[in-house]
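Comments concern the structure below.
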Amino acid sequence: MEETERKRARDVSSEAPAKEKRKPGKLRSYYQKNQKKVDSVIFATSFLIVPVILFIIFYIFVNVDSFLMAFRAQRTLGDGTVGEVWTIDNFKRIWTLLTDSDGAIIREALFNTVLFNIVNIFVTLPVTILVCYFFSKKIAGYRAFRAIFYLPCIIAGSALVVLFKFALGDGGPLDVLFRNSGYTYPLSSAPSAIITILIYNFLFGIGGNMIVISGAMHSINPQMIEAGRIDGCNWFQELIYIIFPSIWPTISTILILSVAGFLGASGPILPFTKGAHGTMTLSFYIFALVSGQGATQDLYLASAIGLIMTLISFPMALVVKKVVYGKEN
Amino acid sequence: MNSYLARRRYSNKRKMSVSERIVFALAFLIFVLYAAFILFFFVFAFLGALRPDGASFDLERYMHHNLFSWPENASFNSFINSFSTLASINGGRDSFLVITWNSVWRTTTYVILSILTSSMVCYVLVFYRSKITRFLYNLGILVAILPLYGSAAATYRFYNNIGFINNPFALITSIGLYGGYFFYMYSFYKTLSWEYAEAAFVDGASHYRVFFQVMMPMVIPSASALFVMSFISSWNDYESTLLYMSKYPNLAYAVFALDSASKYIDNYPAYLAGVLISLLPILILFLIFQNSIMESVHLGGLKE
């Protein structure tokens, strides 16, 4: 009797693991059925998880905090300690800095920012397109020109401004050359330092979009251009009616990003003047308020100015995007 | 290859009209003048750096000689002394070697992290299509056209609160979802065919193996241009050094700090030599990769 019970018990214990093998867990069975899909999801998640977490921390959280900071300021509290309070004082200060007859720094910054945009969008960009067109036509020495024109873009702004100031600034060799020849040096007679920085931006900004525009022109099908030639179009018609529409996706992207960054346009204000002599721009003013270089540090005011700039720029960018892409979008 | 041959055929056949020749000759002349204008700065700086070491910046005296004449008593001492000139920022706490090393490790870490992450993110967004990846791409477009100007203040405060100011660990922020020339990288992967990956899967390769050994190597020739562009912009970044890493000054920051402090007044040849030396690594890198940069970077439209 005892022996039969032992035998039964042995049988049960030997059957148990066999049953486990036959019935895998739900997760395991799901994996076996959808192995390809699960592997793909695990792979994609492993590639995205860290960037997404860092994006949440360093973009979303920081920008929500920035929004809240616009409505806060540091004050001495009742108990004598310094703390943050909710206020709209930052916006009142912005209004004062915009409208005050004395020292309306934001008005000056806004005006200069518009000037930088006019130069960047209406002067530098068309000139860059024209330059790239001649490069695409393999004008004599185009490889050397291309490398030289791009040089200012690979050099640190701090170093280039130093060279510019030494060579072309007030009291520089060109200034002395003009004076010795009895002429007035154009940059010395400029109404303000902002003209010099705008000229600098134009002269050294041509290379800025050269790479992407050249790349776009490089990928145009030459047979299309040849067809235009057979139809008798000259170089200008070819540029306007064939090349320009072909590179439009690239140009439109540049335009949208330019409009989105409209209020952020600036030149190398920091190494030139630190915002002095009427050269303040909106983006540099924010930088100055954060770094304390060229203005007293005030993170809350910087956030409030940034918030207003975003509220103005974003709808503008959306409208341009809608106009550019039309119904397709 | 066909496109190349078509281009050759086209350029060989084409004949310019007289008006076109005039336009191209004018353009060539303007290009020569503009190129001379850009090179003028470097020649001027080089000749200035060769002047006797310790010279003060006295242009009136200097202009009695021809602007581009070889300097009297020219010497390369300034290039050697520029090391100590650049190192005089921060009260001489960091040597020239330390400043150069800061440029190297900060730039290299930033570029590797940002470009590799960008490559991984774009690969998944292009080839592993789902509602989530489509949402992430559209979010990327929103981030690109949503200019959040005020974030510098909050970022500075956040970095300060978590101890990221003057902390090398802050470079972890280079791992950005939309950093590393996101849209350029995205368009590189868009041009790749998924059939290569499918063939590798049939041979038993895993997803990781397909990415690292099949797909990523095909993007590397184009992505090398982004790598170099990213390297250049990071090497030249003096503004973020000023804000977040002033205890780890790089060469671009050293040039800016010296200029701000007007420390070149007493020895401008050494200063100009320092400026030229700070440009050297970037110039070499650019000369090596210029064709890759100029011919392989494409930017498409901002839509799916």
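As shown in the structure tokens, the chain order sets the letters A, B, ...; within each chain, residues go from 1, and ligands are also counted from 1 in the order they appear.
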
Env of region 155-168 of chain A: 10 Å cut, atoms = only C-alpha atoms, seq-sep filter 5 positions within chain, self excluded. Answer as a PyMOL selection string. (chain A and resi 150+173-176+185+187-188+196-197+200+204+267-272) or (chain B and resi 38+40-42+44-45+48+57+59+232-239+251-260+268+271-272+274-276+278-280+282-283)

Put those residues in a file: C-alpha atoms, as an mmCIF file, in the first residue's frame.
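Saved file out.cif follows:
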data_model
loop_
_atom_site.group_PDB
_atom_site.id
_atom_site.type_symbol
_atom_site.label_atom_id
_atom_site.label_comp_id
_atom_site.auth_asym_id
_atom_site.auth_seq_id
_atom_site.Cartn_x
_atom_site.Cartn_y
_atom_site.Cartn_z
ATOM 1 C CA TYR A 150 32.785 79.097 -46.477
ATOM 2 C CA PRO A 173 44.801 99.778 -41.441
ATOM 3 C CA LEU A 174 41.985 100.476 -43.921
ATOM 4 C CA ASP A 175 40.879 103.432 -41.832
ATOM 5 C CA VAL A 176 44.459 104.775 -41.886
ATOM 6 C CA TYR A 185 36.567 105.748 -44.125
ATOM 7 C CA LEU A 187 32.814 102.468 -41.487
ATOM 8 C CA SER A 188 34.091 105.377 -39.376
ATOM 9 C CA THR A 196 29.314 97.871 -39.050
ATOM 10 C CA ILE A 197 27.849 94.696 -37.535
ATOM 11 C CA TYR A 200 29.927 92.126 -41.070
ATOM 12 C CA PHE A 204 30.523 86.771 -43.620
ATOM 13 C CA GLY A 267 24.969 89.190 -35.100
ATOM 14 C CA PRO A 268 28.060 88.574 -32.994
ATOM 15 C CA ILE A 269 27.059 91.326 -30.555
ATOM 16 C CA LEU A 270 28.939 89.854 -27.594
ATOM 17 C CA PRO A 271 32.495 90.059 -28.992
ATOM 18 C CA PHE A 272 31.754 93.315 -30.839
ATOM 19 C CA ILE B 38 38.249 87.108 -46.975
ATOM 20 C CA PHE B 40 43.001 89.571 -46.494
ATOM 21 C CA PHE B 41 42.100 88.981 -42.824
ATOM 22 C CA PHE B 42 44.288 85.915 -42.585
ATOM 23 C CA PHE B 44 46.911 90.580 -42.250
ATOM 24 C CA ALA B 45 46.808 88.503 -39.067
ATOM 25 C CA GLY B 48 50.897 91.002 -37.782
ATOM 26 C CA PHE B 57 49.376 98.213 -31.418
ATOM 27 C CA LEU B 59 48.936 101.592 -36.395
ATOM 28 C CA ILE B 232 33.260 72.974 -36.015
ATOM 29 C CA SER B 233 30.288 74.587 -34.283
ATOM 30 C CA SER B 234 31.128 72.963 -30.949
ATOM 31 C CA TRP B 235 34.837 73.860 -31.215
ATOM 32 C CA ASN B 236 33.903 77.496 -31.871
ATOM 33 C CA ASP B 237 31.283 77.725 -29.137
ATOM 34 C CA TYR B 238 32.382 80.365 -26.663
ATOM 35 C CA GLU B 239 28.941 81.541 -25.526
ATOM 36 C CA LEU B 251 40.285 78.038 -27.256
ATOM 37 C CA ALA B 252 37.374 80.060 -28.706
ATOM 38 C CA TYR B 253 36.529 81.311 -25.222
ATOM 39 C CA ALA B 254 40.196 82.163 -24.543
ATOM 40 C CA VAL B 255 40.269 84.376 -27.662
ATOM 41 C CA PHE B 256 37.015 86.075 -26.604
ATOM 42 C CA ALA B 257 38.169 86.578 -23.000
ATOM 43 C CA LEU B 258 41.487 88.076 -24.120
ATOM 44 C CA ASP B 259 39.704 90.426 -26.503
ATOM 45 C CA SER B 260 37.243 91.470 -23.774
ATOM 46 C CA TYR B 268 49.373 92.206 -30.286
ATOM 47 C CA TYR B 271 47.584 87.757 -29.647
ATOM 48 C CA LEU B 272 47.142 87.509 -33.424
ATOM 49 C CA GLY B 274 47.076 82.948 -30.708
ATOM 50 C CA VAL B 275 43.998 83.664 -32.818
ATOM 51 C CA LEU B 276 45.579 81.891 -35.801
ATOM 52 C CA SER B 278 43.111 78.554 -32.312
ATOM 53 C CA LEU B 279 41.857 78.305 -35.915
ATOM 54 C CA LEU B 280 44.404 75.752 -37.072
ATOM 55 C CA ILE B 282 39.392 73.564 -37.656
ATOM 56 C CA LEU B 283 41.096 74.721 -40.848
#

Region 102-117 of chain B environment, 7 Å, only C-alpha atoms, sequence neighbours closer than 5 positions dropped, as a VMD selection string: chain B and resid 171 174 to 176 179 to 180 227 230 to 231 234 to 235 248 to 251

Got a sec: who's within 12 Å of Arg93 (chain B), counting only C-alpha atoms, leaving out chain neighbours fewer than 5 positions off, as a list in words?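 Non-adjacent residues within range: Ser84, Leu86, Ala87, Ser88, Val98, Ile99, Ser246, Lys247, Tyr248 and Pro249 of chain B.
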
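Nearest residue to Val124 (chain B), choosing from A:Tyr59, A:Phe43, A:Phe284, A:Tyr30 and counting only C-alpha atoms: A:Phe43.
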
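CA of Ile154 (chain A) is found 16.9 Å from CA of Tyr34 (chain B).
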
Surrounding residues of Gly306 (chain A) excluding itself and chain neighbours under 4 positions, 10 Å, only C-alpha atoms, as a PyMOL selection string: (chain A and resi 66-67+70+263-264+282-283+286+300-302+310-312) or (chain B and resi 147-153)

Okay, now the selection with C-alpha atoms, as a compact mmCIF listing (two decimals), in the first residue's frame?
# COMPACT_ATOMS: atom_id res chain seq x y z
CA SER A 66 10.53 79.12 -18.17
CA PHE A 67 6.82 79.88 -18.71
CA ALA A 70 7.88 84.77 -16.60
CA LEU A 263 12.95 87.67 -33.31
CA GLY A 264 16.11 85.73 -32.51
CA LEU A 282 16.41 90.90 -28.55
CA SER A 283 18.25 87.59 -28.45
CA ILE A 286 18.08 87.75 -23.22
CA TYR A 300 12.74 86.26 -14.66
CA LEU A 301 12.72 89.24 -17.02
CA ALA A 302 14.60 87.13 -19.59
CA THR A 310 7.54 83.03 -28.70
CA LEU A 311 3.91 84.16 -28.70
CA ILE A 312 4.67 86.50 -31.60
CA PRO B 147 11.15 79.19 -31.05
CA LEU B 148 11.37 79.10 -27.25
CA TYR B 149 13.51 82.15 -26.68
CA GLY B 150 13.14 82.33 -22.92
CA SER B 151 14.44 78.86 -22.17
CA ALA B 152 18.04 80.09 -21.66
CA ALA B 153 17.07 81.59 -18.30

Could you tell me which of B:Phe83, B:Phe37, B:Tyr156, B:Phe28 comes closest to Gly292 (chain A) if we count only C-alpha atoms?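 For Gly292 (chain A), the nearest of the given residues is B:Tyr156.
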
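The shortest atom-to-atom distance to chain A, with only C-alpha atoms taken into account, belongs to B:Ala35 out of B:Ala35, B:Met185, B:Ile277, B:Met215.
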
Go through A:Phe145, A:Phe61, A:Trp95, A:Phe55 and flag the residue nearest Phe31 (chain B), using only C-alpha atoms for the distances.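 Smallest distance to Phe31 (chain B) is found for A:Phe145.
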
Quick one: of B:Ala170, B:Tyr189, B:Leu50, B:Trp101, who's nearest to chain A, counting only C-alpha atoms?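 Using only C-alpha atoms, the shortest distance to chain A belongs to B:Ala170.
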
Which residue, B:Ser95, B:Thr100, B:Asn161, B:Ser17, has the smallest gap to chain A when you use only C-alpha atoms?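 Residue with the minimum atom-to-atom distance to chain A: B:Ser17.
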
Please report, as a PyMOL selection string, each residue of region 84-300 of chain A to which DSSP assigns alpha helix (DSSP H) when run on this structure's backbone. chain A and resi 89-99+105-117+125-136+142-154+157-168+173-180+193-205+210-218+222-230+235-237+244-246+248-260+269-272+282-291+299-300

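With CA of Asn201 (chain A) on one side and CA of Val127 (chain A) on the other, the separation reads 12.9 Å.
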
Residue neighbourhood Leu299 (chain A), 8 Å, only C-alpha atoms, exclusion window fewer than 3 positions, as a compact mmCIF listing (two decimals) with C-alpha atoms, in the first residue's frame:
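out37.txt was written with the following content:
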# COMPACT_ATOMS: atom_id res chain seq x y z
CA MET A 69 9.34 82.08 -14.34
CA LEU A 289 20.11 89.09 -18.77
CA VAL A 290 21.08 85.44 -18.23
CA ALA A 302 14.60 87.13 -19.59
CA SER A 303 11.87 84.45 -19.38
CA ALA B 153 17.07 81.59 -18.30
CA ALA B 154 15.25 78.47 -17.07
CA ARG B 157 18.60 78.08 -13.32

If we count only C-alpha atoms and set the cut-off at 12 Å, which residues sit around region 121-126 of chain A, ignoring sequence neighbours fewer than 2 positions away in its own chain? Please answer as a VMD selection string. chain A and resid 114 to 119 128 to 133 198 to 210 212 to 213 239 to 240 244 251 to 252 254 to 259 261 to 262 265

Put those residues in a file: N, CA and C atoms, as a short mmCIF file (atom, residue, chain, number, x, y, z; two decimals), in the first residue's frame.
data_model
loop_
_atom_site.label_atom_id
_atom_site.label_comp_id
_atom_site.auth_asym_id
_atom_site.auth_seq_id
_atom_site.Cartn_x
_atom_site.Cartn_y
_atom_site.Cartn_z
N VAL A 114 14.91 93.60 -36.38
CA VAL A 114 14.26 93.70 -37.70
C VAL A 114 15.31 93.98 -38.78
N LEU A 115 16.27 94.86 -38.46
CA LEU A 115 17.33 95.17 -39.43
C LEU A 115 18.12 93.91 -39.80
N PHE A 116 18.45 93.11 -38.79
CA PHE A 116 19.21 91.87 -39.05
C PHE A 116 18.42 90.93 -39.95
N ASN A 117 17.09 90.87 -39.71
CA ASN A 117 16.25 90.00 -40.55
C ASN A 117 16.20 90.47 -41.99
N ILE A 118 16.09 91.80 -42.16
CA ILE A 118 16.04 92.35 -43.51
C ILE A 118 17.32 91.97 -44.26
N VAL A 119 18.46 92.15 -43.59
CA VAL A 119 19.74 91.81 -44.23
C VAL A 119 19.81 90.31 -44.52
N THR A 128 23.29 84.48 -51.71
CA THR A 128 23.78 83.11 -51.56
C THR A 128 23.25 82.21 -52.68
N ILE A 129 21.97 82.37 -53.01
CA ILE A 129 21.38 81.55 -54.08
C ILE A 129 22.10 81.83 -55.41
N LEU A 130 22.37 83.11 -55.66
CA LEU A 130 23.05 83.49 -56.89
C LEU A 130 24.47 82.90 -56.94
N VAL A 131 25.16 83.01 -55.81
CA VAL A 131 26.53 82.46 -55.74
C VAL A 131 26.50 80.95 -56.00
N CYS A 132 25.54 80.27 -55.35
CA CYS A 132 25.45 78.81 -55.52
C CYS A 132 25.11 78.44 -56.96
N TYR A 133 24.33 79.30 -57.62
CA TYR A 133 24.00 79.03 -59.02
C TYR A 133 25.28 79.01 -59.86
N LEU A 198 26.05 94.95 -39.19
CA LEU A 198 25.20 94.48 -40.29
C LEU A 198 26.06 94.16 -41.52
N ILE A 199 27.03 95.03 -41.79
CA ILE A 199 27.94 94.79 -42.93
C ILE A 199 28.73 93.50 -42.68
N TYR A 200 29.20 93.35 -41.45
CA TYR A 200 29.93 92.13 -41.07
C TYR A 200 29.03 90.90 -41.32
N ASN A 201 27.76 91.00 -40.88
CA ASN A 201 26.84 89.87 -41.03
C ASN A 201 26.65 89.49 -42.49
N PHE A 202 26.52 90.51 -43.33
CA PHE A 202 26.33 90.23 -44.75
C PHE A 202 27.60 89.64 -45.36
N LEU A 203 28.73 90.30 -45.09
CA LEU A 203 29.99 89.86 -45.72
C LEU A 203 30.38 88.45 -45.33
N PHE A 204 30.11 88.10 -44.07
CA PHE A 204 30.52 86.77 -43.62
C PHE A 204 29.36 85.79 -43.53
N GLY A 205 28.17 86.23 -43.97
CA GLY A 205 27.01 85.34 -43.84
C GLY A 205 26.69 84.58 -45.12
N ILE A 206 27.39 84.94 -46.21
CA ILE A 206 27.07 84.31 -47.50
C ILE A 206 27.28 82.79 -47.44
N GLY A 207 28.31 82.38 -46.73
CA GLY A 207 28.60 80.95 -46.65
C GLY A 207 27.59 80.18 -45.81
N GLY A 208 26.79 80.90 -45.01
CA GLY A 208 25.90 80.26 -44.04
C GLY A 208 25.01 79.17 -44.62
N ASN A 209 24.23 79.53 -45.64
CA ASN A 209 23.30 78.55 -46.23
C ASN A 209 23.86 77.94 -47.50
N MET A 210 25.13 78.24 -47.79
CA MET A 210 25.73 77.80 -49.06
C MET A 210 25.70 76.27 -49.21
N VAL A 212 23.66 73.91 -47.90
CA VAL A 212 22.36 73.27 -48.20
C VAL A 212 21.84 73.68 -49.57
N ILE A 213 22.06 74.94 -49.94
CA ILE A 213 21.56 75.37 -51.25
C ILE A 213 22.38 74.72 -52.37
N LEU A 239 17.58 80.06 -64.05
CA LEU A 239 17.65 80.21 -62.59
C LEU A 239 16.25 80.37 -61.99
N ILE A 240 15.45 81.23 -62.63
CA ILE A 240 14.14 81.56 -62.05
C ILE A 240 13.10 80.46 -62.30
N PHE A 244 15.15 77.51 -59.40
CA PHE A 244 14.49 77.98 -58.18
C PHE A 244 13.32 77.07 -57.77
N ILE A 251 14.63 75.96 -49.96
CA ILE A 251 14.46 77.39 -49.69
C ILE A 251 13.29 77.61 -48.72
N SER A 252 12.20 76.85 -48.93
CA SER A 252 11.04 77.04 -48.06
C SER A 252 11.38 76.67 -46.62
N ILE A 254 14.34 76.88 -45.24
CA ILE A 254 15.18 77.98 -44.73
C ILE A 254 14.29 79.17 -44.35
N LEU A 255 13.29 79.46 -45.20
CA LEU A 255 12.40 80.60 -44.93
C LEU A 255 11.58 80.38 -43.65
N ILE A 256 11.03 79.16 -43.54
CA ILE A 256 10.20 78.87 -42.35
C ILE A 256 11.04 78.99 -41.08
N LEU A 257 12.25 78.41 -41.14
CA LEU A 257 13.11 78.47 -39.95
C LEU A 257 13.55 79.92 -39.68
N SER A 258 13.72 80.70 -40.76
CA SER A 258 14.09 82.11 -40.58
C SER A 258 12.97 82.89 -39.92
N VAL A 259 11.72 82.61 -40.37
CA VAL A 259 10.58 83.32 -39.78
C VAL A 259 10.38 82.87 -38.33
N GLY A 261 12.63 81.96 -36.37
CA GLY A 261 13.69 82.59 -35.57
C GLY A 261 13.81 84.08 -35.82
N PHE A 262 12.72 84.67 -36.35
CA PHE A 262 12.72 86.08 -36.75
C PHE A 262 13.19 86.98 -35.60
N ALA A 265 17.01 86.77 -34.50
CA ALA A 265 18.12 87.14 -35.40
C ALA A 265 19.06 88.12 -34.72
#

Who sits within 10 Å of Val85 (chain A), only C-alpha atoms, same chain under 5 positions skipped, as a list in words: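 Counting only C-alpha atoms, the residues come to Met69, Phe71, Arg72, Ala73, Gln74, Arg75, Thr76 and Leu77 of chain A.
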
Every residue of region 5-217 of chain A that DSSP places in strand (DSSP E or B), as a list in words: Arg72, Ala73, Gln74, Arg75, Thr76, Val82, Gly83, Glu84, Val85 and Trp86 of chain A
